[in-house]
Amino acid sequence: MNSKTIVIVGAGVSGLTAGIYAEQNGFHAIILEKNPSVGGLCTGWYRNGHYLDGCIHWLTGTKDGTDINDMWRNVGAITDDTKMMKLDTWGIFDYQGTLVHFYRDLDKAEKEWLSISPEDKREIKHFFKMVRDIKSIDLPLDLPVSMMSFKKLVKFGFNVLDVWPSYLLTMKMSCEKYAKKFKSPALRWAITHAQPGAGNLYSMMFCYATIADGNGDIPEGGSKPMVERMKNRFLSLGGTLLLNTPVDHLLTKNNKAVGVINTKGNKYYGDYVVSACDANYVMNHLLRRQYKLSKLEKRYADKTRHPAPSCCLFYFEADNNDIPAPYSFECEPFYVGNELISHLTIRNHNYDEKTFVKDGKTIMSVLVDQSSANYSYWKELYNEHPLRYRRLKETLAKVIKDKIIAKFPQLEASLKIIDVCTPKTLNRYTNASRGAYMGFLFTHRDATFVHSGFVKGLKNFVMAGQWMQCPGGLPLALAEGKFAIQRICKIEKLSYVFTTSKLLSNKSI
């Protein structure tokens with residue numbers, strides 16, 4: 001044990017994880033969070049007596065025995081009492097009446113695809129082989145890459161080498177380009193629309209493989225109860241959590257981080273500072289652009305080459321029904337922001353009846369893709385024309401409501417608008433750059449991106465959060481929170497790390 005303190009900026013998944021691992025490794029952790037509750041982008045809220053989930057569509061790491069599952073359990077996000085919801089399909093894609101299912105059961109899905117398009121047999125077989133190959137890749141998240149032993153790197157290399165053709169092909173190809181290999185328009189449409197945004201084929205197949213592997217279920221209660229469990233875990237270890245405490249900037253002495261100052265002028269000192277918030281916000285505000293982060297700066301500057309996913313979220317109440325989720329269908333094109341939308345994906349949340357069904361009513365949501373390059377549209381509207389901004393949200397919600405009813409007339413009498421979020425909402429609540437809910441996407445031009453977490457010329461400061469590895473998301477936010485503490489342990493020459501059940505004091509990192 002030691003008496004050193006780590007100040008952590010942000011109480012999202014990454015910040016809470018860093019705080020928990022800090023306490024477990026003998027440090028005292030102080031987490032400062034600008035909002036009145038924890039979670040960051042992993043959040044939920046209440047409207048009209050209904051709980052609305054703003055994050056989890058599935059959670060990577062629900063399969064026992066995986067590194068990510070061990071981490072989720074260690075931080076308290078998943079417990080033995082956590083009930084998991086297992087959807088039969090990752091998505092249903094309705095193309096002119098032909099339904100294409102991404103069943104959890106890959107054999108079942110393959111059989112259906114072959115019945116839809118026998119002439120695509122060769123490519124269908126290849127598609128499902130690649131999904132199975134990617135399913136077999138075990139991502140090493142127990143240590144940062146820079147701290148892995150040569151032996152472990154070689155082991156991972158051989159793991160990937162076994163499925164190298166599938167890995168290489170999917171990393172360097174977009175879904176749109178790959179879909180052209182199929183003769184069936186229904187299969188082409190499904191593959192092109194299987195994920196929002198401009199991600200590459202690997203991203204799509206990894207998500208599908210995660211579901212098929214039983215490693216992508218949904219914890220009952222969704223996002224908010226999960227991060228509350230993490231908060232309770234952190235507090236039970238002796239950590240300090242300060243809510244409603246927005247941080248203004250970093251305190252330094254001789255190019256060494258010594259603490260932070262909040263917007264009211266209160267100072268919080270520590271031996272180390274960990275930023276667990278949006279990386280662009282860290283560069284421009286926390287560090288006041290006094291230190292160079294060239295790799296990140298270049299990516300943020302080029303919005304076309306390095307897109308990040310943003311969205312508008314629409315929530316509706318409806319009579320409880322049997323519409324499967326998630327269900328994607330074509331619709332008459334309409335504009336959201338500067339983007340033409342020609343399909344909708346509706347998610348019926350009644351798979352978790354205890355959480356989302358109340359008095360015979362269920363929550364249904366629609367995520368409409370908005371690229372991060374579109375953020376300036378929403379920012380300008382919000383800042384300069386607030387009345388038009390509010391009216392546009394109402395108008396778009398009504399447009400989407402009408403399109404849902406046109407597809408599902410049985411909902412006409414009960415479908416009711418509950419809430420609308422935009423990219424500006426995401427930015428306002430979490431400082432998310434360009435309103436993004438994940439980090440930089442994999443593209444066919446630029447796949448991998450890993451940041452060391454350190455800032456050149458600045459000691460005792462470590463960056464965490466999903467922006468440290470693309471494409472981000474909850475599992476990487478979790479891993480990067482742990483990595484930040486492992487990096488500090490290495491600096492401190494501490495030879496122990498925490499695992500789910502005990503401290504292994506003899507295990508070198």
# chains A, B, ... in the order shown; residues from 1 in each chain; ligands from 1
>>> select_by_dssp(residues="stretch 42-286 of chain A", states="alpha helix (DSSP H)", output="count of residues only")
96
>>> residues_around(residues="stretch 470-487 of chain A", least_positions_apart="6", cutoff="7 Å", atoms="only C-alpha atoms", output="ChimeraX atom specification")
/A:13-15,17-18,21-22,60,68,141,143-144,438-442,448-450,462-464
>>> write_last_selection(atoms="N, CA and C atoms", output="tab-separated table (two decimals), in the first residue's frame")
chain	number	residue	atom	x	y	z
A	13	VAL	N	-17.46	5.36	-17.73
A	13	VAL	CA	-16.98	3.99	-17.55
A	13	VAL	C	-15.47	3.97	-17.35
A	14	SER	N	-14.74	4.75	-18.14
A	14	SER	CA	-13.28	4.74	-18.04
A	14	SER	C	-12.81	5.35	-16.72
A	15	GLY	N	-13.42	6.45	-16.30
A	15	GLY	CA	-13.03	7.09	-15.06
A	15	GLY	C	-13.33	6.24	-13.83
A	17	THR	N	-13.62	2.99	-13.83
A	17	THR	CA	-12.70	1.84	-13.89
A	17	THR	C	-11.33	2.23	-13.35
A	18	ALA	N	-10.82	3.39	-13.80
A	18	ALA	CA	-9.52	3.86	-13.31
A	18	ALA	C	-9.56	4.03	-11.80
A	21	TYR	N	-9.50	0.48	-10.06
A	21	TYR	CA	-8.19	-0.16	-10.12
A	21	TYR	C	-7.16	0.62	-9.30
A	22	ALA	N	-7.29	1.94	-9.23
A	22	ALA	CA	-6.38	2.73	-8.40
A	22	ALA	C	-6.52	2.33	-6.93
A	60	THR	N	-20.43	-5.81	-25.01
A	60	THR	CA	-19.34	-6.74	-25.27
A	60	THR	C	-18.69	-7.13	-23.95
A	68	ILE	N	-12.61	-9.48	-20.90
A	68	ILE	CA	-13.50	-8.33	-20.70
A	68	ILE	C	-14.53	-8.65	-19.62
A	141	LEU	N	-6.70	-7.83	-23.70
A	141	LEU	CA	-6.98	-6.57	-23.00
A	141	LEU	C	-6.53	-6.60	-21.54
A	143	LEU	N	-3.34	-6.12	-20.66
A	143	LEU	CA	-2.29	-5.12	-20.55
A	143	LEU	C	-2.28	-4.24	-21.79
A	144	PRO	N	-1.80	-2.97	-21.67
A	144	PRO	CA	-1.59	-2.17	-22.87
A	144	PRO	C	-0.58	-2.85	-23.78
A	438	MET	N	-18.89	7.40	-30.04
A	438	MET	CA	-17.76	6.48	-30.03
A	438	MET	C	-16.56	7.22	-30.58
A	439	GLY	N	-15.39	6.54	-30.56
A	439	GLY	CA	-14.17	7.15	-31.07
A	439	GLY	C	-14.08	7.04	-32.59
A	440	PHE	N	-12.88	7.27	-33.11
A	440	PHE	CA	-12.67	7.22	-34.56
A	440	PHE	C	-13.03	5.84	-35.10
A	441	LEU	N	-13.77	5.83	-36.20
A	441	LEU	CA	-14.17	4.57	-36.80
A	441	LEU	C	-13.02	3.93	-37.58
A	442	PHE	N	-13.04	2.60	-37.62
A	442	PHE	CA	-12.20	1.91	-38.59
A	442	PHE	C	-12.72	2.28	-39.98
A	448	THR	N	-6.35	0.53	-37.59
A	448	THR	CA	-5.99	0.59	-36.17
A	448	THR	C	-5.46	1.96	-35.75
A	449	PHE	N	-5.71	2.29	-34.51
A	449	PHE	CA	-5.16	3.49	-33.88
A	449	PHE	C	-5.07	3.22	-32.38
A	450	VAL	N	-3.87	3.33	-31.83
A	450	VAL	CA	-3.66	3.14	-30.40
A	450	VAL	C	-2.77	4.26	-29.89
A	462	VAL	N	-1.82	11.01	-17.33
A	462	VAL	CA	-2.14	9.87	-18.19
A	462	VAL	C	-3.54	10.06	-18.74
A	463	MET	N	-3.68	9.81	-20.03
A	463	MET	CA	-4.99	9.91	-20.67
A	463	MET	C	-5.65	8.54	-20.73
A	464	ALA	N	-6.95	8.50	-20.49
A	464	ALA	CA	-7.73	7.27	-20.60
A	464	ALA	C	-8.97	7.57	-21.44
>>> atom_distance(atom1="atom CA of A:Gly61", atom2="atom CA of A:Asp217")
8.2 Å
>>> closest_residue(among="A:Thr98, A:Gln290, A:Asn348, A:Thr425", to="A:Tyr315", atoms="only C-alpha atoms")
A:Asn348
>>> closest_residue(among="A:Val75, A:Met364, A:Ala209, A:Asp120", to="A:Lys231", atoms="only C-alpha atoms")
A:Val75
